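Chemist: Structure in structure tokens, see below.
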Amino acid sequence: MHLPSISILLPLAAAATAQSTSPLTIVTAPSSGYTYHGCYNETTGLPDTAGMRALGGGTNLVRAGNMTVEMCWEFCRSGAGDASGGKTGKFLFAGVEYARECWCAQALSSLSEKVPDSECNLPCEGNTTQACGGNLKLTVYMAGAAAARVSWAIGLVAVGAMSLALI
Ligand SMILES: *[C@@H]1O[C@H](CO)[C@@H](O)[C@H](O)[C@H]1NC(C)=O
Ligand SMILES: *[C@@H]1O[C@H](CO)[C@@H](O)[C@H](O)[C@H]1NC(C)=O
Ligand SMILES: *[C@@H]1O[C@H](CO)[C@@H](O)[C@H](O)[C@H]1NC(C)=O
């Protein structure tokens, strides 16, 4: 009975070649306001959670053929509730999943766990050099660290101005 095992192996081989052979870039850009948080697993498959998402309660965008990490950052930079009750606030978390999905949320589910970066192995459909999560895996970014960098830079400018004044 060789034929059944062949017919099972073929789809697996086809799936493997669909993934990128060269390592994917985990895109980072301090100017985006988001920093890389890690590769996390999706929680929809867990029993008794009603399909709850790792990045749920926010908003999402699906762009087949066009998704990039930059597009997701841009999308998650607004749309959250702000102090005046508007929707111009930034989501704390942005995550790309399944090559084409972007998820924005104010919290990352505690049921979602960090997995090795290599499990976020699907290229973004809008830029195939970039890592865009995986099958039920998210490449997660978190806002905040860039703000710390900005105040550090302002501190440097202040120190620079002071030493200039001393001269
Ligand atoms: C996420 O990954 C961790 C570590 O591999 C595993 O223990 C956990 O069961 C996974 N959770 C889901 C929802 O797949
Ligand atoms: C992808 O981008 C192209 C070029 O900007 C646009 O024409 C197309 O409608 C986009 N596709 C989707 C699904 O957004
Ligand atoms: C695709 O992503 C890579 C890695 O972030 C970047 O260097 C490159 O400029 C991007 N290509 C385009 C066309 O935006």
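Residue numbers start at 1 in each chain; chains themselves are named A, B, ... in the order of the structure tokens; ligands are numbered from 1 in the order shown.
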Give the residues close to ligand 1, within 8 Å, counting only C-alpha atoms and all ligand atoms; write them as a ChimeraX atom specification.

Modeler: /A:40-46,111-115,136

Chemist: Could you build a table of the residues in chain A lying no more than 12 Å from ligand 2, giving for each the nearest pair of atoms and their separation in Å rounded to one decimal place, using only C-alpha atoms and all ligand atoms, ordered by chain and ascending residue number, as CSV?

Modeler:
residue,atom,partner,partner_atom_place_in_ligand_line,distance
A:Leu61,CA,ligand 2,14 (O),9.9
A:Val62,CA,ligand 2,13 (C),8.0
A:Arg63,CA,ligand 2,13 (C),5.0
A:Ala64,CA,ligand 2,13 (C),5.1
A:Gly65,CA,ligand 2,13 (C),6.2
A:Asn66,CA,ligand 2,1 (C),4.9
A:Met67,CA,ligand 2,14 (O),8.3
A:Thr68,CA,ligand 2,1 (C),10.8
A:Met71,CA,ligand 2,14 (O),11.1
A:Arg100,CA,ligand 2,13 (C),9.6
A:Glu101,CA,ligand 2,13 (C),11.4
A:Glu125,CA,ligand 2,1 (C),9.8
A:Gly126,CA,ligand 2,1 (C),8.0
A:Asn127,CA,ligand 2,1 (C),11.6

Chemist: Print the selection's residues with N, CA and C atoms to a file, as a short mmCIF file (atom, residue, chain, number, x, y, z; two decimals), in the first residue's frame.

Modeler:
data_model
loop_
_atom_site.label_atom_id
_atom_site.label_comp_id
_atom_site.auth_asym_id
_atom_site.auth_seq_id
_atom_site.Cartn_x
_atom_site.Cartn_y
_atom_site.Cartn_z
N LEU A 61 -7.70 44.48 9.44
CA LEU A 61 -7.67 44.79 8.01
C LEU A 61 -7.12 43.58 7.28
N VAL A 62 -7.77 43.18 6.20
CA VAL A 62 -7.26 42.08 5.37
C VAL A 62 -6.98 42.64 3.99
N ARG A 63 -5.76 42.48 3.49
CA ARG A 63 -5.39 42.98 2.17
C ARG A 63 -4.66 41.88 1.41
N ALA A 64 -5.44 41.00 0.78
CA ALA A 64 -4.85 39.93 -0.01
C ALA A 64 -4.01 40.54 -1.13
N GLY A 65 -2.78 40.08 -1.25
CA GLY A 65 -1.89 40.57 -2.31
C GLY A 65 -1.16 41.84 -1.97
N ASN A 66 -1.57 42.58 -0.92
CA ASN A 66 -1.00 43.91 -0.66
C ASN A 66 -0.46 44.14 0.74
N MET A 67 -0.69 43.26 1.67
CA MET A 67 -0.32 43.57 3.06
C MET A 67 1.20 43.68 3.23
N THR A 68 1.63 44.72 3.95
CA THR A 68 3.03 44.86 4.38
C THR A 68 3.01 45.23 5.86
N MET A 71 2.06 48.86 6.23
CA MET A 71 0.62 49.09 6.05
C MET A 71 -0.12 48.81 7.36
N ARG A 100 -1.44 38.22 5.15
CA ARG A 100 -2.32 39.26 4.60
C ARG A 100 -3.22 39.95 5.62
N GLU A 101 -3.16 39.54 6.88
CA GLU A 101 -4.07 40.11 7.89
C GLU A 101 -3.31 41.03 8.84
N GLU A 125 2.25 39.46 1.71
CA GLU A 125 1.87 39.37 0.31
C GLU A 125 2.19 40.66 -0.46
N GLY A 126 2.37 41.78 0.26
CA GLY A 126 2.72 43.03 -0.41
C GLY A 126 4.21 43.30 -0.47
N ASN A 127 5.01 42.49 0.23
CA ASN A 127 6.47 42.60 0.20
C ASN A 127 7.01 41.27 0.73
#

Chemist: Just give me the gap between CA of Tyr34 in chain A and CA of Gly51 in chain A in Å, one decimal is fine.

Modeler: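 A separation of 26.5 Å between them.
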
Chemist: Need to verify the contact set: Ala143 in chain A, 8 Å, only C-alpha atoms, exclusion of same-chain residues closer than 6 positions in sequence. Can you return it as a list in words?

Modeler: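 Result of the neighbour search: Gly33, Tyr34, Thr35, Phe91, Leu92 and Phe93 of chain A.
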
Chemist: For the selection just defined, write its residues with N, CA and C atoms to a file, as a CSV table (one decimal), in the first residue's frame.

Modeler:
chain,number,residue,atom,x,y,z
A,33,GLY,N,6.9,54.1,15.6
A,33,GLY,CA,6.3,54.1,16.9
A,33,GLY,C,6.0,52.8,17.4
A,34,TYR,N,6.3,51.7,16.7
A,34,TYR,CA,6.1,50.3,17.1
A,34,TYR,C,7.5,49.6,17.2
A,35,THR,N,7.6,48.8,18.2
A,35,THR,CA,8.8,48.0,18.3
A,35,THR,C,8.4,46.5,18.2
A,91,PHE,N,-3.5,52.2,18.6
A,91,PHE,CA,-3.6,50.9,19.2
A,91,PHE,C,-2.2,50.5,19.8
A,92,LEU,N,-2.2,50.0,21.0
A,92,LEU,CA,-1.0,49.6,21.6
A,92,LEU,C,-0.3,48.5,20.9
A,93,PHE,N,-1.1,47.6,20.3
A,93,PHE,CA,-0.5,46.4,19.7
A,93,PHE,C,-0.9,46.4,18.2

Chemist: Report as a ChimeraX atom specification: the residues of range 26-112 of chain A with a DSSP assignment of helix (DSSP H, G or I), based on the backbone of this structure.

Modeler: /A:30-32,69-76

Chemist: List all protein, DNA and RNA residues that have at least one atom no more than 10 Å from any atom of ligand 3, counting only C-alpha atoms and all ligand atoms, and write them as a list of chain:residue names.

Modeler: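 Those within range of ligand 3 are A:Leu24, A:Thr25, A:Ile26, A:Val27, A:Thr28, A:Ala29, A:Thr68, A:Val69, A:Glu70, A:Cys124, A:Gly126, A:Asn127, A:Thr128, A:Thr129, A:Gln130, A:Ala131.
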
Chemist: Could the residues in this selection be written to a file with N, CA and C atoms, as a PDB file, in the first residue's frame?

Modeler:
ATOM      1  N   LEU A  24      13.180  35.464   6.186  1.00  0.00           N
ATOM      2  CA  LEU A  24      12.336  36.660   6.108  1.00  0.00           C
ATOM      3  C   LEU A  24      12.865  37.727   7.055  1.00  0.00           C
ATOM      4  N   THR A  25      12.681  38.968   6.673  1.00  0.00           N
ATOM      5  CA  THR A  25      13.112  40.088   7.507  1.00  0.00           C
ATOM      6  C   THR A  25      12.034  40.423   8.529  1.00  0.00           C
ATOM      7  N   ILE A  26      12.414  40.468   9.795  1.00  0.00           N
ATOM      8  CA  ILE A  26      11.502  41.005  10.812  1.00  0.00           C
ATOM      9  C   ILE A  26      11.676  42.517  10.739  1.00  0.00           C
ATOM     10  N   VAL A  27      10.693  43.178  10.161  1.00  0.00           N
ATOM     11  CA  VAL A  27      10.835  44.611   9.886  1.00  0.00           C
ATOM     12  C   VAL A  27      10.759  45.417  11.174  1.00  0.00           C
ATOM     13  N   THR A  28      11.699  46.321  11.341  1.00  0.00           N
ATOM     14  CA  THR A  28      11.649  47.239  12.478  1.00  0.00           C
ATOM     15  C   THR A  28      11.954  48.643  11.958  1.00  0.00           C
ATOM     16  N   ALA A  29      11.341  49.640  12.543  1.00  0.00           N
ATOM     17  CA  ALA A  29      11.587  51.041  12.188  1.00  0.00           C
ATOM     18  C   ALA A  29      11.167  51.899  13.368  1.00  0.00           C
ATOM     19  N   THR A  68       1.628  44.724   3.952  1.00  0.00           N
ATOM     20  CA  THR A  68       3.027  44.865   4.377  1.00  0.00           C
ATOM     21  C   THR A  68       3.006  45.228   5.861  1.00  0.00           C
ATOM     22  N   VAL A  69       4.154  45.121   6.516  1.00  0.00           N
ATOM     23  CA  VAL A  69       4.245  45.504   7.922  1.00  0.00           C
ATOM     24  C   VAL A  69       3.955  46.995   8.068  1.00  0.00           C
ATOM     25  N   GLU A  70       4.478  47.800   7.141  1.00  0.00           N
ATOM     26  CA  GLU A  70       4.254  49.254   7.211  1.00  0.00           C
ATOM     27  C   GLU A  70       2.765  49.584   7.101  1.00  0.00           C
ATOM     28  N   CYS A 124       4.971  38.555   3.767  1.00  0.00           N
ATOM     29  CA  CYS A 124       3.869  39.487   3.523  1.00  0.00           C
ATOM     30  C   CYS A 124       3.534  39.461   2.032  1.00  0.00           C
ATOM     31  N   GLY A 126       2.374  41.776   0.256  1.00  0.00           N
ATOM     32  CA  GLY A 126       2.715  43.031  -0.409  1.00  0.00           C
ATOM     33  C   GLY A 126       4.209  43.304  -0.469  1.00  0.00           C
ATOM     34  N   ASN A 127       5.013  42.487   0.226  1.00  0.00           N
ATOM     35  CA  ASN A 127       6.474  42.599   0.196  1.00  0.00           C
ATOM     36  C   ASN A 127       7.005  41.274   0.734  1.00  0.00           C
ATOM     37  N   THR A 128       7.397  40.400  -0.177  1.00  0.00           N
ATOM     38  CA  THR A 128       7.681  39.006   0.193  1.00  0.00           C
ATOM     39  C   THR A 128       9.018  38.830   0.915  1.00  0.00           C
ATOM     40  N   THR A 129       9.748  39.929   1.174  1.00  0.00           N
ATOM     41  CA  THR A 129      10.952  39.799   2.004  1.00  0.00           C
ATOM     42  C   THR A 129      10.604  39.943   3.478  1.00  0.00           C
ATOM     43  N   GLN A 130       9.399  40.431   3.781  1.00  0.00           N
ATOM     44  CA  GLN A 130       9.013  40.714   5.165  1.00  0.00           C
ATOM     45  C   GLN A 130       8.254  39.554   5.812  1.00  0.00           C
ATOM     46  N   ALA A 131       8.509  39.321   7.094  1.00  0.00           N
ATOM     47  CA  ALA A 131       7.767  38.311   7.849  1.00  0.00           C
ATOM     48  C   ALA A 131       6.391  38.864   8.217  1.00  0.00           C
TER      49      ALA A 131
END

Chemist: Between A:Glu119, A:Gln106, A:Ala99, A:Leu55, which has the minimum distance to Asp82 in chain A (counting only C-alpha atoms)?

Modeler: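 Using only C-alpha atoms, the shortest distance to Asp82 in chain A belongs to A:Gln106.
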
Chemist: For Val96 in chain A, work out the shell of residues within 6 Å, counting only C-alpha atoms and skipping chain neighbours fewer than 4 positions away, then give it as a list in words.

Modeler: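 With the cut-off at 6 Å, the set is Glu101, Cys102, Cys132, Gly133, Leu138 and Thr139 of chain A.
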
Chemist: Selected residues, C-alpha atoms, written as a short mmCIF file (atom, residue, chain, number, x, y, z; two decimals), in the first residue's frame, please.

Modeler:
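New file part-v4.cif:
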data_model
loop_
_atom_site.label_atom_id
_atom_site.label_comp_id
_atom_site.auth_asym_id
_atom_site.auth_seq_id
_atom_site.Cartn_x
_atom_site.Cartn_y
_atom_site.Cartn_z
CA GLU A 101 -4.07 40.11 7.89
CA CYS A 102 -3.44 43.03 10.24
CA CYS A 132 3.95 38.52 8.16
CA GLY A 133 3.20 36.01 10.88
CA LEU A 138 1.30 36.68 14.65
CA THR A 139 4.34 38.90 14.19
#

Chemist: Can you list, as a list in words, every residue of range 62-98 of chain A that DSSP puts in strand (DSSP E)?

Modeler: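 Result set for range 62-98 of chain A (strand (DSSP E)): Val62, Phe93, Ala94, Gly95, Val96 and Glu97 of chain A.
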
Chemist: I'd like the neighbourhood of Gly81 in chain A as a PyMOL selection string, where a residue qualifies if any of its atoms comes within 12 Å (using only C-alpha atoms), though same-chain residues fewer than 2 positions away should be ignored.

Modeler: chain A and resi 57-59+76-79+83-92+105-106

Chemist: For Pro116 in chain A, which of A:Gly134, A:Pro30, A:Gly95, A:Gly56 is the closest residue, counting only C-alpha atoms?

Modeler: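 Nearest to Pro116 in chain A: A:Gly134.
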
Chemist: Closest to Val140 in chain A among A:Pro23, A:Ala80, A:Pro47, A:Ser109, using only C-alpha atoms?

Modeler: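 Closest to Val140 in chain A, using only C-alpha atoms: A:Ser109.
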